[in-house]
file run.txt (compact mmCIF, C-alpha atoms)
# COMPACT_ATOMS: atom_id res chain seq x y z
CA MET A 1 8.78 15.74 -24.01
CA THR A 2 8.36 15.63 -27.74
CA GLN A 3 5.36 16.71 -29.77
CA GLY A 4 4.95 13.02 -30.50
CA SER A 5 3.50 12.63 -27.02
CA ASP A 6 0.33 14.33 -28.28
CA ASP A 7 -2.75 12.21 -28.63
CA GLU A 8 -2.43 10.40 -31.92
CA VAL A 9 -4.44 7.18 -31.65
CA GLN A 10 -1.96 4.42 -32.36
CA ASP A 11 -2.79 1.45 -34.58
CA PRO A 12 -1.51 -1.54 -32.57
CA GLY A 13 -0.27 -3.10 -35.78
CA ALA A 14 1.44 0.01 -37.09
CA GLN A 15 5.19 0.32 -37.17
CA LEU A 16 6.58 2.75 -34.61
CA ASP A 17 8.03 6.00 -35.90
CA PRO A 18 11.42 6.43 -34.15
CA ALA A 19 11.57 10.07 -35.24
CA ASN A 20 8.29 10.92 -33.53
CA PRO A 21 7.80 8.66 -30.51
CA THR A 22 5.00 8.84 -28.01
CA ALA A 23 5.89 9.70 -24.43
CA LEU A 24 5.86 6.03 -23.44
CA GLU A 25 8.04 5.02 -26.39
CA ALA A 26 10.50 7.81 -25.62
CA LEU A 27 10.74 6.57 -22.04
CA SER A 28 12.78 3.57 -23.27
CA PRO A 29 12.15 1.49 -20.14
CA LEU A 30 14.73 -1.00 -18.95
CA ALA A 31 12.19 -2.95 -16.91
CA THR A 32 8.69 -2.62 -15.46
CA SER A 33 7.28 -4.08 -12.27
CA GLU A 34 3.71 -3.95 -11.01
CA VAL A 35 1.83 -5.25 -7.98
CA ASP A 36 -1.75 -4.95 -6.71
CA ILE A 37 -1.81 -3.18 -3.35
CA THR A 38 -5.57 -3.55 -2.97
CA PRO A 39 -8.25 -4.77 -5.39
CA ALA A 40 -8.74 -1.13 -6.39
CA MET A 41 -5.14 0.17 -6.42
CA ARG A 42 -1.91 -1.00 -7.99
CA HIS A 43 1.68 0.22 -7.92
CA ARG A 44 3.68 0.35 -11.14
CA GLU A 45 7.44 1.04 -11.32
CA VAL A 46 9.30 1.71 -14.55
CA TYR A 47 13.09 1.60 -14.49
CA THR A 48 14.85 3.90 -16.96
CA THR A 49 18.36 5.25 -17.51
CA ARG A 50 17.13 8.57 -16.08
CA GLY A 51 15.63 7.14 -12.91
CA LEU A 52 12.58 5.37 -11.52
CA LEU A 53 9.08 6.39 -12.61
CA SER A 54 6.44 5.29 -10.10
CA VAL A 55 2.68 5.37 -10.46
CA LEU A 56 -0.13 4.58 -8.04
CA TRP A 57 -3.17 3.62 -10.10
CA HIS A 58 -6.70 3.67 -8.70
CA GLU A 59 -8.92 1.49 -10.89
CA PRO A 60 -12.74 1.44 -10.78
CA ALA A 61 -14.15 -1.94 -9.78
CA ALA A 62 -16.59 -1.94 -12.71
CA ASP A 63 -18.20 0.28 -15.32
CA ALA A 64 -15.24 2.64 -15.68
CA ALA A 65 -16.07 5.94 -17.34
CA PRO A 66 -13.99 7.05 -20.34
CA ALA A 67 -12.36 9.63 -18.06
CA ALA A 68 -9.35 9.89 -15.80
CA ILE A 69 -7.46 12.15 -13.41
CA VAL A 70 -3.66 12.19 -13.57
CA ALA A 71 -1.94 13.95 -10.65
CA CYS A 72 1.61 14.99 -9.75
CA GLY A 73 3.45 16.53 -6.82
CA GLY A 74 5.87 19.37 -6.25
CA ALA A 75 9.56 20.00 -6.79
CA MET A 76 10.47 17.20 -4.39
CA GLY A 77 8.10 14.74 -6.00
CA GLY A 78 5.71 12.72 -3.89
CA LEU A 79 2.39 10.98 -4.34
CA LEU A 80 0.15 12.39 -1.62
CA GLY A 81 -0.58 15.86 -2.97
CA PRO A 82 -1.88 18.85 -0.98
CA GLY A 83 -3.82 18.80 2.26
CA HIS A 84 -3.87 15.61 4.28
CA GLY A 85 -2.95 13.15 1.55
CA LEU A 86 -5.76 14.33 -0.69
CA TYR A 87 -4.51 12.51 -3.78
CA GLN A 88 -5.07 9.25 -1.92
CA THR A 89 -8.49 10.36 -0.71
CA TRP A 90 -9.54 11.55 -4.16
CA GLY A 91 -8.11 8.45 -5.81
CA GLU A 92 -10.39 6.26 -3.73
CA ARG A 93 -13.32 8.65 -4.09
CA TRP A 94 -13.24 9.06 -7.84
CA ALA A 95 -12.38 5.44 -8.59
CA ALA A 96 -15.51 4.51 -6.66
CA ALA A 97 -17.38 6.86 -9.02
CA GLY A 98 -15.92 5.13 -12.07
CA VAL A 99 -13.01 7.47 -12.84
CA ARG A 100 -9.45 6.16 -13.06
CA VAL A 101 -6.91 8.11 -11.02
CA LEU A 102 -3.16 7.89 -11.66
CA ARG A 103 -0.66 9.49 -9.27
CA VAL A 104 2.75 10.03 -10.85
CA SER A 105 6.07 10.19 -8.97
CA TYR A 106 8.82 11.78 -11.09
CA ARG A 107 12.10 10.23 -12.18
CA GLU A 108 13.97 13.51 -11.55
CA PRO A 109 12.00 15.93 -9.34
CA ASN A 110 12.50 19.60 -10.19
CA ASN A 111 13.49 18.83 -13.80
CA ILE A 112 10.44 20.40 -15.41
CA ASP A 113 10.86 18.95 -18.89
CA LEU A 114 11.49 15.43 -17.60
CA CYS A 115 8.64 15.74 -15.11
CA ALA A 116 6.28 16.82 -17.91
CA HIS A 117 7.41 13.76 -19.85
CA ASP A 118 6.57 11.59 -16.84
CA LEU A 119 3.12 13.14 -16.52
CA ALA A 120 2.54 12.62 -20.25
CA CYS A 121 3.28 8.93 -19.72
CA GLY A 122 0.53 8.92 -17.09
CA VAL A 123 -1.88 10.48 -19.59
CA GLU A 124 -0.98 7.87 -22.20
CA TRP A 125 -1.49 5.03 -19.70
CA ALA A 126 -4.90 6.46 -18.84
CA ARG A 127 -5.78 6.88 -22.50
CA ASP A 128 -4.66 3.36 -23.36
CA ALA A 129 -6.88 2.06 -20.54
CA GLY A 130 -9.90 3.75 -22.13
CA ALA A 131 -9.88 7.38 -20.97
CA GLU A 132 -11.01 9.83 -23.64
CA ARG A 133 -11.01 12.85 -21.32
CA VAL A 134 -8.27 13.51 -18.75
CA VAL A 135 -7.90 16.22 -16.11
CA LEU A 136 -4.39 16.95 -14.86
CA MET A 137 -3.67 18.03 -11.28
CA GLY A 138 -0.43 19.47 -9.94
CA HIS A 139 0.70 20.84 -6.59
CA SER A 140 3.25 23.69 -6.37
CA PHE A 141 5.96 23.04 -9.01
CA GLY A 142 3.58 20.37 -10.29
CA GLY A 143 1.13 23.04 -11.38
CA ALA A 144 3.61 24.15 -14.03
CA VAL A 145 4.23 20.51 -14.98
CA ALA A 146 0.49 19.95 -15.44
CA ILE A 147 0.04 23.06 -17.57
CA ARG A 148 3.01 22.28 -19.79
CA THR A 149 1.79 18.72 -20.29
CA ALA A 150 -1.75 19.85 -21.07
CA VAL A 151 -0.51 22.22 -23.75
CA VAL A 152 1.04 19.40 -25.82
CA MET A 153 -1.74 16.87 -25.18
CA ALA A 154 -4.71 18.94 -26.24
CA ARG A 155 -6.80 16.10 -27.67
CA THR A 156 -7.12 14.20 -24.41
CA VAL A 157 -6.38 16.68 -21.60
CA VAL A 158 -9.61 18.62 -21.14
CA GLY A 159 -8.76 20.58 -18.01
CA VAL A 160 -6.13 21.43 -15.40
CA VAL A 161 -6.31 21.91 -11.63
CA THR A 162 -3.41 23.50 -9.75
CA PHE A 163 -2.76 23.80 -6.03
CA ALA A 164 -0.45 26.61 -4.86
CA THR A 165 1.19 26.68 -8.26
CA GLN A 166 4.35 28.52 -9.17
CA SER A 167 4.17 30.84 -12.17
CA ALA A 168 7.65 29.94 -13.49
CA GLY A 169 7.23 27.38 -16.24
CA CYS A 170 3.65 28.46 -16.91
CA GLU A 171 4.57 30.93 -19.65
CA VAL A 172 2.89 28.60 -22.16
CA ALA A 173 -0.49 28.68 -20.37
CA GLY A 174 -2.05 30.76 -23.13
CA ALA A 175 -1.85 27.68 -25.34
CA LEU A 176 -4.49 25.99 -23.17
CA ASP A 177 -6.85 27.82 -25.53
CA GLY A 178 -9.60 28.33 -22.99
CA ARG A 179 -9.74 24.80 -21.62
CA PRO A 180 -11.05 24.75 -18.02
CA LEU A 181 -8.41 25.85 -15.51
CA LEU A 182 -9.00 25.83 -11.75
CA LEU A 183 -6.34 27.28 -9.46
CA PHE A 184 -6.36 27.00 -5.65
CA HIS A 185 -3.99 29.08 -3.51
CA GLY A 186 -3.62 29.75 0.19
CA GLU A 187 -3.70 33.43 1.12
CA ARG A 188 -0.83 32.83 3.58
CA ASP A 189 1.33 30.66 1.34
CA GLU A 190 4.81 30.83 2.86
CA LEU A 191 6.61 29.63 -0.29
CA LEU A 192 4.74 30.91 -3.34
CA PRO A 193 2.64 34.08 -3.04
CA PRO A 194 -1.04 33.99 -4.04
CA GLU A 195 -0.16 36.30 -6.92
CA SER A 196 1.46 33.30 -8.63
CA SER A 197 -1.93 31.76 -9.39
CA LEU A 198 -3.31 35.13 -10.49
CA ILE A 199 -0.39 35.52 -12.90
CA VAL A 200 -1.01 32.07 -14.36
CA ARG A 201 -4.69 32.84 -14.90
CA GLU A 202 -3.73 36.09 -16.60
CA ILE A 203 -1.31 34.28 -18.92
CA ALA A 204 -3.95 31.63 -19.68
CA GLY A 205 -6.54 34.28 -20.42
CA ALA A 206 -9.19 32.27 -18.56
CA GLY A 207 -9.66 30.23 -15.43
CA GLU A 208 -10.93 30.41 -11.88
CA VAL A 209 -8.74 31.24 -8.89
CA VAL A 210 -9.98 30.08 -5.49
CA MET A 211 -8.21 31.84 -2.62
CA LEU A 212 -8.17 29.92 0.65
CA PRO A 213 -8.21 32.22 3.69
CA GLY A 214 -5.59 31.57 6.35
CA ASP A 215 -4.04 28.62 4.53
CA GLY A 216 -0.42 27.96 3.62
CA HIS A 217 1.46 26.18 0.88
CA MET A 218 0.26 22.67 1.73
CA LEU A 219 -3.38 23.82 1.92
CA ALA A 220 -3.65 21.79 5.11
CA LYS A 221 -6.69 23.71 6.36
CA SER A 222 -8.79 23.31 3.26
CA ASP A 223 -9.43 19.59 2.66
CA ASP A 224 -13.20 20.02 2.71
CA ILE A 225 -13.21 23.15 0.54
CA LEU A 226 -11.00 21.54 -2.10
CA THR A 227 -13.05 18.35 -2.16
CA GLU A 228 -16.39 20.13 -2.37
CA ARG A 229 -15.27 22.44 -5.19
CA LEU A 230 -13.82 19.55 -7.18
CA ASP A 231 -17.03 17.56 -6.68
CA GLU A 232 -18.77 20.40 -8.56
CA TRP A 233 -16.07 21.16 -11.13
CA LEU A 234 -14.86 17.74 -12.26
CA PRO A 235 -18.05 16.01 -13.53
CA PRO A 236 -18.88 18.46 -16.35
CA VAL A 237 -15.22 18.80 -17.36
CA LEU A 238 -14.75 15.01 -17.47
CA GLY A 239 -18.06 14.60 -19.28
CA LEU A 240 -19.61 12.47 -16.54

call {"tool": "encode", "arguments": {"input": "run.txt", "output": "structure tokens"}}
result
Amino acid sequence: MTQGSDDEVQDPGAQLDPANPTALEALSPLATSEVDITPAMRHREVYTTRGLLSVLWHEPAADAAPAAIVACGGAMGGLLGPGHGLYQTWGERWAAAGVRVLRVSYREPNNIDLCAHDLACGVEWARDAGAERVVLMGHSFGGAVAIRTAVVMARTVVGVVTFATQSAGCEVAGALDGRPLLLFHGERDELLPPESSLIVREIAGAGEVVMLPGDGHMLAKSDDILTERLDEWLPPVLGL
């Protein structure tokens, strides 16, 4: 992902700068297809030479706030997130509250730079649709993707939420410069130890770590806790 994916507001009539493309320009799509799944959710696919980028987009029915959530999965990709498909649940929940939610499925899972590029495309789609403030969410490997994307998109990304994040790839977290950071981790995570989230907070120099007793890597026992904490944390961060 190039520095050109940062949040310069583009003049629609301006000539593109091939030396400094946005994330969407650098994607160089071969073709794009989109279909409405429900009146409030659509599925977009972008075909590229590096693979297929898929996005599930939850759109408010009316009176959309200038805010959005853009979420990504782990090292194997995916669109459902932690818990029992919480990205779907939250997509419906927050769209009903006026907040766009985009769920990004990577072109090449486990390729952290390419995955960060994909997430940046999600941020740019949200911004182009009217979002002025975006929160990124990432599960497991996706926590590092979210942090790396936030670092280079500082004008629009106002906060990051991670779920059972790895610490590898988060070495740049200090460049969040104090933006809100919320990290959830299961105390019995069988893949990534709880210390991973503590390390990321230490690197960032700020943030809140929520330890979830008795829970594992998928945070399958904590749907209600995650939802309730985000109901408190998201509105002030998104400026609602």

call {"tool": "residues_around", "arguments": {"input": "run.txt", "residues": "A:Leu119", "least_positions_apart": "5", "cutoff": "12 Å", "atoms": "all atoms listed in the file", "output": "ChimeraX atom specification"}}
result
/A:1,5,23-24,27,53-55,69-73,77,102-109,112-114,124-126,134-138,142-150,152-153,157

call {"tool": "residues_around", "arguments": {"input": "run.txt", "residues": "stretch 194-201 of chain A", "least_positions_apart": "5", "cutoff": "9 Å", "atoms": "only C-alpha atoms", "output": "JSON list (two decimals) with C-alpha atoms, in the frame of the given file"}}
result
[["chain", "number", "residue", "atom", "x", "y", "z"],
["A", 162, "THR", "CA", -3.41, 23.50, -9.75],
["A", 163, "PHE", "CA", -2.76, 23.80, -6.03],
["A", 164, "ALA", "CA", -0.45, 26.61, -4.86],
["A", 165, "THR", "CA", 1.19, 26.68, -8.26],
["A", 166, "GLN", "CA", 4.35, 28.52, -9.17],
["A", 167, "SER", "CA", 4.17, 30.84, -12.17],
["A", 168, "ALA", "CA", 7.65, 29.94, -13.49],
["A", 170, "CYS", "CA", 3.65, 28.46, -16.91],
["A", 171, "GLU", "CA", 4.57, 30.93, -19.65],
["A", 173, "ALA", "CA", -0.49, 28.68, -20.37],
["A", 174, "GLY", "CA", -2.05, 30.76, -23.13],
["A", 181, "LEU", "CA", -8.41, 25.85, -15.51],
["A", 182, "LEU", "CA", -9.00, 25.83, -11.75],
["A", 183, "LEU", "CA", -6.34, 27.28, -9.46],
["A", 184, "PHE", "CA", -6.36, 27.00, -5.65],
["A", 185, "HIS", "CA", -3.99, 29.08, -3.51],
["A", 186, "GLY", "CA", -3.62, 29.75, 0.19],
["A", 187, "GLU", "CA", -3.70, 33.43, 1.12],
["A", 188, "ARG", "CA", -0.83, 32.83, 3.58],
["A", 189, "ASP", "CA", 1.33, 30.66, 1.34],
["A", 206, "ALA", "CA", -9.19, 32.27, -18.56],
["A", 207, "GLY", "CA", -9.66, 30.23, -15.43],
["A", 208, "GLU", "CA", -10.93, 30.41, -11.88],
["A", 209, "VAL", "CA", -8.74, 31.24, -8.89],
["A", 211, "MET", "CA", -8.21, 31.84, -2.62]]

call {"tool": "atom_distance", "arguments": {"input": "run.txt", "atom1": "atom CA of A:Leu192", "atom2": "atom CA of A:Gly51"}}
result
27.8 Å

call {"tool": "closest_residue", "arguments": {"input": "run.txt", "among": "A:Ala129, A:Val101, A:Val172, A:Leu212", "to": "A:Leu79", "atoms": "all atoms listed in the file"}}
result
A:Val101

call {"tool": "atom_distance", "arguments": {"input": "run.txt", "atom1": "atom CA of A:Gly205", "atom2": "atom CA of A:Gly178"}}
result
7.2 Å

call {"tool": "closest_residue", "arguments": {"input": "run.txt", "among": "A:Leu86, A:Ile203, A:Ile37, A:Cys121", "to": "A:Leu230", "atoms": "only C-alpha atoms"}}
result
A:Leu86

call {"tool": "atom_distance", "arguments": {"input": "run.txt", "atom1": "atom CA of A:Arg93", "atom2": "atom CA of A:Arg179"}}
result
24.1 Å

call {"tool": "residues_around", "arguments": {"input": "run.txt", "residues": "A:Gly239", "least_positions_apart": "3", "cutoff": "12 Å", "atoms": "all atoms listed in the file", "output": "list in words"}}
result
Ala65, Pro66, Ala67, Ala68, Val99, Ala131, Glu132, Arg133, Val134, Val135, Val158, Gly159, Trp233, Leu234, Pro235 and Pro236 of chain A

call {"tool": "closest_residue", "arguments": {"input": "run.txt", "among": "A:Trp94, A:Phe141, A:Tyr47, A:Trp57", "to": "A:Asn111", "atoms": "only C-alpha atoms"}}
result
A:Phe141

call {"tool": "axis_aligned_box", "arguments": {"input": "run.txt", "around": "stretch 169-188 of chain A", "padding_each_side": "4 Å", "output": "JSON"}}
result
{"center_x": -1.9, "center_y": 29.1, "center_z": -11.0, "size_x": 26.3, "size_y": 16.7, "size_z": 37.1}

call {"tool": "residues_around", "arguments": {"input": "run.txt", "residues": "A:Ala96", "least_positions_apart": "6", "cutoff": "9 Å", "atoms": "all atoms listed in the file", "output": "VMD selection string"}}
result
chain A and resid 40 59 to 62

call {"tool": "residues_around", "arguments": {"input": "run.txt", "residues": "stretch 219-227 of chain A", "least_positions_apart": "5", "cutoff": "7 Å", "atoms": "all atoms listed in the file", "output": "PDB file with C-alpha atoms, in the frame of the given file"}}
result
ATOM      1  CA  PRO A  82      -1.880  18.850  -0.980  1.00  0.00           C
ATOM      2  CA  GLY A  83      -3.820  18.800   2.260  1.00  0.00           C
ATOM      3  CA  HIS A  84      -3.870  15.610   4.280  1.00  0.00           C
ATOM      4  CA  GLY A 186      -3.620  29.750   0.190  1.00  0.00           C
TER       5      GLY A 186
END
